[in-house]
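Take a look at the structure below.
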Amino acid sequence: MVGMMDDEHCYRVASSRDGRFDGAFVTAVLTTGIYCRPSCPATTPKPHNVRFYATPAAAQDAGFRACKRCRPDAAPGSPEWDARADVVARAVRLIGDGVVEREGVSGLSRRLGYSARHLHRLMHAELGTGPLRLALAHRVQGARALLENTDLAVTDVAWAAGFGSIRQFNDRIREVYALSPTEIRRRSSRPAAKPLPSEDPRRHQESAHDVVHARLAYRPPLDLDGLLSFLGQRAIPGVEAYDGTTYSRVLRLPHGAGTVDIRANNTADHRTASQSTADRHPTVDCAFQLDDIRDYATAVSRTRRLLDLDADPHAIGAAFADDPFLGRPSRLEPGRRVPGTPDPEELALRAVLGQHVSLLTARALAARLTERWGEPLRSPRPGLTHAFPTAAALATAGLDELPMPRSRAQALHQLAVELTTRSLGLDQGADRDEMERALLAISGIGPWTAGYVRMRGLGDPDVFLATDLGVRRALSGSAANPTQWKPWRSYAVMHLWSREPENQPHYPTERQAR
């Protein structure tokens, strides 16, 4: 059984080549030793010759290799891991962020509050594989992306992907793809990369290995223009930039800083709900500029969260389709996503900073905060000069210098202290309920801010901001019942916000300071 689907359901999906389920599970064929995505155009095998696995890692663990035709490793991630709040889902999110690569399985288990052995049992019981093998699968996928999207030497790719030796790298690549690293590079149809508008061509020539182009797959439709506009309206000068076409921002990564440029698609593919299931998923074009190439996989993972690329718009749209209030706008904008963040701590600090003020005022405050206590980039670019201040920097900062109420400065300071001392953990492995309770325990932080952090910072798809001004205005005079929008109330909030004019403030109607 895969997730909530039994084998019979999975077989029907694979037989119909339904691309909406790509990434939700893989189909392994006993007679060929290959695993595929559900939409693979190859002939569907007999039911007794297939096995279904929740992740490519589980299929690899069982001895299957990836299909060369449908590229199951290039499919979007499963939306199940973002929606769920249990320990297995939290572990999967942390592994995707590279925690095992940096801290090992012991570090992963400590973050989750379990022993390494118990965590392995939990994950193997549900996924068919343990955390180490799942992390290794992510490592291999990252290596393939580097081989196809960069001009790095193969030995540098092995090191950047986290392999301890060239032999281990070659053996694992051959085991999963039945190709050598050099064969993968040779077979790649990657065109010569064109710099995004915000890139400096001279820097690209001088330090080509620092600029990595990537194509991030998603399930259509996707309102990328609306998503980037939402982020652009909230962009902090120096940390983010938006020119109406390309959104750029600084990334704080484990081995240094980086930047990402995301270009809006002005083509129809991201708004078209139907496409041939034999086609690959459409992609978002990104360019990463990294201080350390080892951060490539983490940068991709965090950008996917920023853009909510693993969401299933068909399931969300179906939940709203018959609703008398949301049905019509959800059909008009079926690709609306919930903007996330590459840094939950940054988002929490920004949420507190922007309480009870307009977007323009919040941006101005955040810009002053960044200029005063942000970390300058080693290689600044026009519009991108600093990383947002860390919690540690703000815990010792003189926040009274900023033009804001003393109560908000105190709340910001206390939040920074809690984050610095790790009394409050904000990452992809955080328990959402515990995080919300911890935030509400801080004087000056109320339900709106805690819910906003839960929705955008931790990717909870079912948060309803009942006290938000924009939400209340959109619902005014209607008989809508928000409880009927479960488990997608975060998306309902985005639909309601879409009715608001640009730069309208979104904050609670009741004071939260205590």
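Letters for chains follow the order of the structure tokens (A, B, ...), residue numbers begin at 1 for each chain, and ligand numbers begin at 1 in the order shown.
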Taking only region 362-439 of chain A into account, list the residues labelled alpha helix (DSSP H) by DSSP (computed from the backbone), as a ChimeraX atom specification. /A:362-373,391-395,406-420,432-439
Name all residues at most 12 Å from Ser301 (chain A) (count only C-alpha atoms; drop same-chain ones fewer than 5 positions away) and give them as a ChimeraX atom specification. /A:76-77,92-99,138,141-142,214,216-217,251,253,260,295-296,306-310,340-343,428
Write a file of the selected residues as a CSV table (one decimal), in the first residue's frame, keeping C-alpha atoms.
```
chain,number,residue,atom,x,y,z
A,76,PRO,CA,7.6,16.7,-8.5
A,77,GLY,CA,7.7,15.6,-4.9
A,92,VAL,CA,11.1,13.3,5.0
A,93,ARG,CA,11.0,17.2,4.9
A,94,LEU,CA,14.2,17.4,6.9
A,95,ILE,CA,16.0,14.8,4.7
A,96,GLY,CA,15.0,16.8,1.7
A,97,ASP,CA,16.6,19.8,3.3
A,98,GLY,CA,19.9,17.9,3.6
A,99,VAL,CA,20.0,17.4,7.4
A,138,HIS,CA,18.3,12.5,-2.7
A,141,GLN,CA,19.2,12.8,-7.7
A,142,GLY,CA,21.2,16.0,-6.8
A,214,ALA,CA,17.8,24.4,-12.8
A,216,LEU,CA,12.0,22.6,-11.2
A,217,ALA,CA,9.1,20.4,-12.1
A,251,LEU,CA,19.4,32.4,0.4
A,253,LEU,CA,22.5,28.1,3.2
A,260,VAL,CA,18.2,32.4,-6.7
A,295,ASP,CA,24.5,23.7,-1.1
A,296,TYR,CA,22.9,23.1,-4.5
A,306,LEU,CA,9.1,28.9,-1.5
A,307,LEU,CA,7.1,28.3,-4.6
A,308,ASP,CA,4.9,25.4,-3.2
A,309,LEU,CA,5.9,23.4,-6.2
A,310,ASP,CA,4.9,20.0,-4.7
A,340,GLY,CA,6.3,29.5,1.4
A,341,THR,CA,9.8,30.5,2.5
A,342,PRO,CA,13.4,29.2,2.3
A,343,ASP,CA,13.9,30.2,5.9
A,428,GLN,CA,10.9,21.7,8.3
```
Leaving out Phe163 (chain A) and any residue of its chain fewer than 2 positions from it, which residues lie within 12 Å of it when counting only C-alpha atoms, given as a PDB file with N, CA and C atoms, in the first residue's frame?
```
ATOM      1  N   GLU A 101      22.773  14.725   5.403  1.00  0.00           N
ATOM      2  CA  GLU A 101      24.090  14.990   4.808  1.00  0.00           C
ATOM      3  C   GLU A 101      24.980  15.774   5.763  1.00  0.00           C
ATOM      4  N   ALA A 135      18.093   9.521   2.188  1.00  0.00           N
ATOM      5  CA  ALA A 135      19.051  10.604   1.980  1.00  0.00           C
ATOM      6  C   ALA A 135      19.991  10.292   0.822  1.00  0.00           C
ATOM      7  N   LEU A 136      20.382   9.014   0.695  1.00  0.00           N
ATOM      8  CA  LEU A 136      21.258   8.626  -0.402  1.00  0.00           C
ATOM      9  C   LEU A 136      20.563   8.801  -1.748  1.00  0.00           C
ATOM     10  N   ALA A 137      19.259   8.509  -1.796  1.00  0.00           N
ATOM     11  CA  ALA A 137      18.511   8.715  -3.035  1.00  0.00           C
ATOM     12  C   ALA A 137      18.477  10.194  -3.408  1.00  0.00           C
ATOM     13  N   HIS A 138      18.290  11.068  -2.411  1.00  0.00           N
ATOM     14  CA  HIS A 138      18.332  12.512  -2.672  1.00  0.00           C
ATOM     15  C   HIS A 138      19.715  12.921  -3.174  1.00  0.00           C
ATOM     16  N   ARG A 139      20.750  12.302  -2.608  1.00  0.00           N
ATOM     17  CA  ARG A 139      22.118  12.629  -3.018  1.00  0.00           C
ATOM     18  C   ARG A 139      22.337  12.265  -4.488  1.00  0.00           C
ATOM     19  N   VAL A 140      21.845  11.099  -4.889  1.00  0.00           N
ATOM     20  CA  VAL A 140      22.000  10.659  -6.271  1.00  0.00           C
ATOM     21  C   VAL A 140      21.227  11.561  -7.219  1.00  0.00           C
ATOM     22  N   GLY A 142      20.470  14.687  -6.741  1.00  0.00           N
ATOM     23  CA  GLY A 142      21.199  15.951  -6.819  1.00  0.00           C
ATOM     24  C   GLY A 142      22.411  15.849  -7.716  1.00  0.00           C
ATOM     25  N   ALA A 143      23.098  14.707  -7.660  1.00  0.00           N
ATOM     26  CA  ALA A 143      24.269  14.511  -8.518  1.00  0.00           C
ATOM     27  C   ALA A 143      23.874  14.505  -9.987  1.00  0.00           C
ATOM     28  N   VAL A 154      33.325  15.945 -13.294  1.00  0.00           N
ATOM     29  CA  VAL A 154      32.627  14.840 -12.649  1.00  0.00           C
ATOM     30  C   VAL A 154      33.127  14.640 -11.220  1.00  0.00           C
ATOM     31  N   THR A 155      34.417  14.787 -11.001  1.00  0.00           N
ATOM     32  CA  THR A 155      34.953  14.640  -9.641  1.00  0.00           C
ATOM     33  C   THR A 155      34.401  15.718  -8.715  1.00  0.00           C
ATOM     34  N   ASP A 156      34.210  16.920  -9.235  1.00  0.00           N
ATOM     35  CA  ASP A 156      33.634  18.000  -8.425  1.00  0.00           C
ATOM     36  C   ASP A 156      32.162  17.736  -8.134  1.00  0.00           C
ATOM     37  N   VAL A 157      31.444  17.131  -9.067  1.00  0.00           N
ATOM     38  CA  VAL A 157      30.043  16.781  -8.842  1.00  0.00           C
ATOM     39  C   VAL A 157      29.942  15.765  -7.702  1.00  0.00           C
ATOM     40  N   ALA A 158      30.826  14.773  -7.719  1.00  0.00           N
ATOM     41  CA  ALA A 158      30.814  13.757  -6.660  1.00  0.00           C
ATOM     42  C   ALA A 158      30.998  14.406  -5.294  1.00  0.00           C
ATOM     43  N   TRP A 159      31.940  15.313  -5.194  1.00  0.00           N
ATOM     44  CA  TRP A 159      32.195  15.987  -3.919  1.00  0.00           C
ATOM     45  C   TRP A 159      31.029  16.888  -3.538  1.00  0.00           C
ATOM     46  N   ALA A 160      30.506  17.634  -4.509  1.00  0.00           N
ATOM     47  CA  ALA A 160      29.415  18.561  -4.224  1.00  0.00           C
ATOM     48  C   ALA A 160      28.150  17.817  -3.793  1.00  0.00           C
ATOM     49  N   ALA A 161      27.936  16.617  -4.338  1.00  0.00           N
ATOM     50  CA  ALA A 161      26.734  15.857  -4.007  1.00  0.00           C
ATOM     51  C   ALA A 161      26.858  15.124  -2.681  1.00  0.00           C
ATOM     52  N   SER A 165      33.759   9.169  -2.031  1.00  0.00           N
ATOM     53  CA  SER A 165      34.805   8.736  -2.959  1.00  0.00           C
ATOM     54  C   SER A 165      34.237   8.681  -4.366  1.00  0.00           C
ATOM     55  N   ILE A 166      35.122   8.757  -5.368  1.00  0.00           N
ATOM     56  CA  ILE A 166      34.703   8.669  -6.759  1.00  0.00           C
ATOM     57  C   ILE A 166      34.146   7.280  -7.056  1.00  0.00           C
ATOM     58  N   ARG A 167      34.751   6.262  -6.449  1.00  0.00           N
ATOM     59  CA  ARG A 167      34.263   4.905  -6.695  1.00  0.00           C
ATOM     60  C   ARG A 167      32.836   4.738  -6.180  1.00  0.00           C
ATOM     61  N   GLN A 168      32.572   5.218  -4.980  1.00  0.00           N
ATOM     62  CA  GLN A 168      31.222   5.141  -4.429  1.00  0.00           C
ATOM     63  C   GLN A 168      30.236   5.902  -5.312  1.00  0.00           C
ATOM     64  N   PHE A 169      30.655   7.061  -5.786  1.00  0.00           N
ATOM     65  CA  PHE A 169      29.822   7.885  -6.664  1.00  0.00           C
ATOM     66  C   PHE A 169      29.491   7.138  -7.946  1.00  0.00           C
ATOM     67  N   ASN A 170      30.514   6.606  -8.615  1.00  0.00           N
ATOM     68  CA  ASN A 170      30.284   5.889  -9.872  1.00  0.00           C
ATOM     69  C   ASN A 170      29.400   4.666  -9.667  1.00  0.00           C
ATOM     70  N   ASP A 171      29.664   3.904  -8.608  1.00  0.00           N
ATOM     71  CA  ASP A 171      28.902   2.684  -8.369  1.00  0.00           C
ATOM     72  C   ASP A 171      27.428   2.993  -8.110  1.00  0.00           C
ATOM     73  N   ARG A 172      27.174   4.019  -7.308  1.00  0.00           N
ATOM     74  CA  ARG A 172      25.791   4.341  -6.965  1.00  0.00           C
ATOM     75  C   ARG A 172      25.029   4.876  -8.173  1.00  0.00           C
ATOM     76  N   ILE A 173      25.677   5.717  -8.987  1.00  0.00           N
ATOM     77  CA  ILE A 173      25.033   6.246 -10.191  1.00  0.00           C
ATOM     78  C   ILE A 173      24.680   5.105 -11.143  1.00  0.00           C
ATOM     79  N   ARG A 294      28.180  22.717  -2.700  1.00  0.00           N
ATOM     80  CA  ARG A 294      27.577  21.663  -1.891  1.00  0.00           C
ATOM     81  C   ARG A 294      26.156  22.020  -1.461  1.00  0.00           C
TER      82      ARG A 294
END
```
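Distances here use only C-alpha atoms; by that measure, the residue among A:Tyr218, A:Tyr452, A:Tyr53, A:Phe320 closest to Trp485 (chain A) is A:Phe320.
We find CA of Leu458 (chain A) and CA of Leu412 (chain A) to be spaced 18.9 Å apart.
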DSSP on the backbone, then: every residue of region 69-281 of chain A marked strand (DSSP E or B), written as a PyMOL selection string. chain A and resi 211-217+237-238+240-242+246-253+256-263
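Of the residues listed (A:Ala54, A:Val300, A:Leu419, A:Ala91), A:Ala54 shows the shortest atom-to-atom separation from Tyr35 (chain A); distances use only C-alpha atoms.
Residues lying within 6 Å of Asp462 (chain A), counting only C-alpha atoms and ignoring same-chain neighbours fewer than 2 positions away, are A:Asp460, A:Pro487, A:Trp488, A:Arg489, A:Ser490.
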Keeping C-alpha atoms, export the residues of the selection given above as a short mmCIF file (atom, residue, chain, number, x, y, z; two decimals), in the first residue's frame.
```cif
data_model
loop_
_atom_site.label_atom_id
_atom_site.label_comp_id
_atom_site.auth_asym_id
_atom_site.auth_seq_id
_atom_site.Cartn_x
_atom_site.Cartn_y
_atom_site.Cartn_z
CA ASP A 460 0.71 23.82 6.71
CA PRO A 487 -7.89 20.42 4.66
CA TRP A 488 -6.98 23.22 2.22
CA ARG A 489 -7.88 26.35 4.16
CA SER A 490 -4.47 27.95 3.53
#
```
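Atom to atom, CA of Ala392 (chain A) and CA of Pro405 (chain A) stand 21.4 Å apart.
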Could you give me, as a short mmCIF file (atom, residue, chain, number, x, y, z; two decimals) with N, CA and C atoms, in the first residue's frame, the residues within 9 Å of Asp400 (chain A), counting only C-alpha atoms and dropping anything in the same chain fewer than 6 positions from it?
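Once everything was written out, this is result.cif:
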```
data_model
loop_
_atom_site.label_atom_id
_atom_site.label_comp_id
_atom_site.auth_asym_id
_atom_site.auth_seq_id
_atom_site.Cartn_x
_atom_site.Cartn_y
_atom_site.Cartn_z
N ARG A 406 7.07 50.00 21.26
CA ARG A 406 7.95 49.28 22.16
C ARG A 406 7.50 47.82 22.34
N ALA A 409 8.79 45.78 19.45
CA ALA A 409 10.23 45.58 19.57
C ALA A 409 10.55 44.52 20.61
N GLN A 410 9.80 44.53 21.72
CA GLN A 410 10.02 43.52 22.75
C GLN A 410 9.64 42.13 22.27
#
```
Within 12 Å of region 113-120 of chain A, which residues of region 362-479 of chain A show up? Give each one with its shortest atom-to-atom distance in Å (one decimal) and the two atoms involved, counting only C-alpha atoms, rows by chain then rising residue number, as CSV.
```
residue,atom,partner,partner_atom,distance
A:Gly429,CA,A:Gly113,CA,10.3
A:Ala430,CA,A:Gly113,CA,10.5
A:Asp431,CA,A:Gly113,CA,10.5
```
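Reported to one decimal place, the separation of CA of Pro344 (chain A) from CA of Tyr247 (chain A) is 18.9 Å.
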Residues near Phe388 (chain A), anyone? I mean within 12 Å using only C-alpha atoms, not counting same-chain ones fewer than 6 positions away, as a ChimeraX atom specification. /A:235-240,249-252,257,342-350,366-377,394
Could you tell me which of A:Ala315, A:Leu228, A:Leu415, A:Leu326 comes closest to Ala450 (chain A) if we count only C-alpha atoms? A:Leu415
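Of the listed residues (A:Ala264, A:Leu469, A:Leu112, A:Ala397), A:Ala397 comes nearest to His413 (chain A); the distances count only C-alpha atoms.
You can rank A:Ala83, A:Leu227, A:Ala297, A:Leu127 by their closest distance to Pro56 (chain A) using only C-alpha atoms, and at the top of that list sits A:Leu127.
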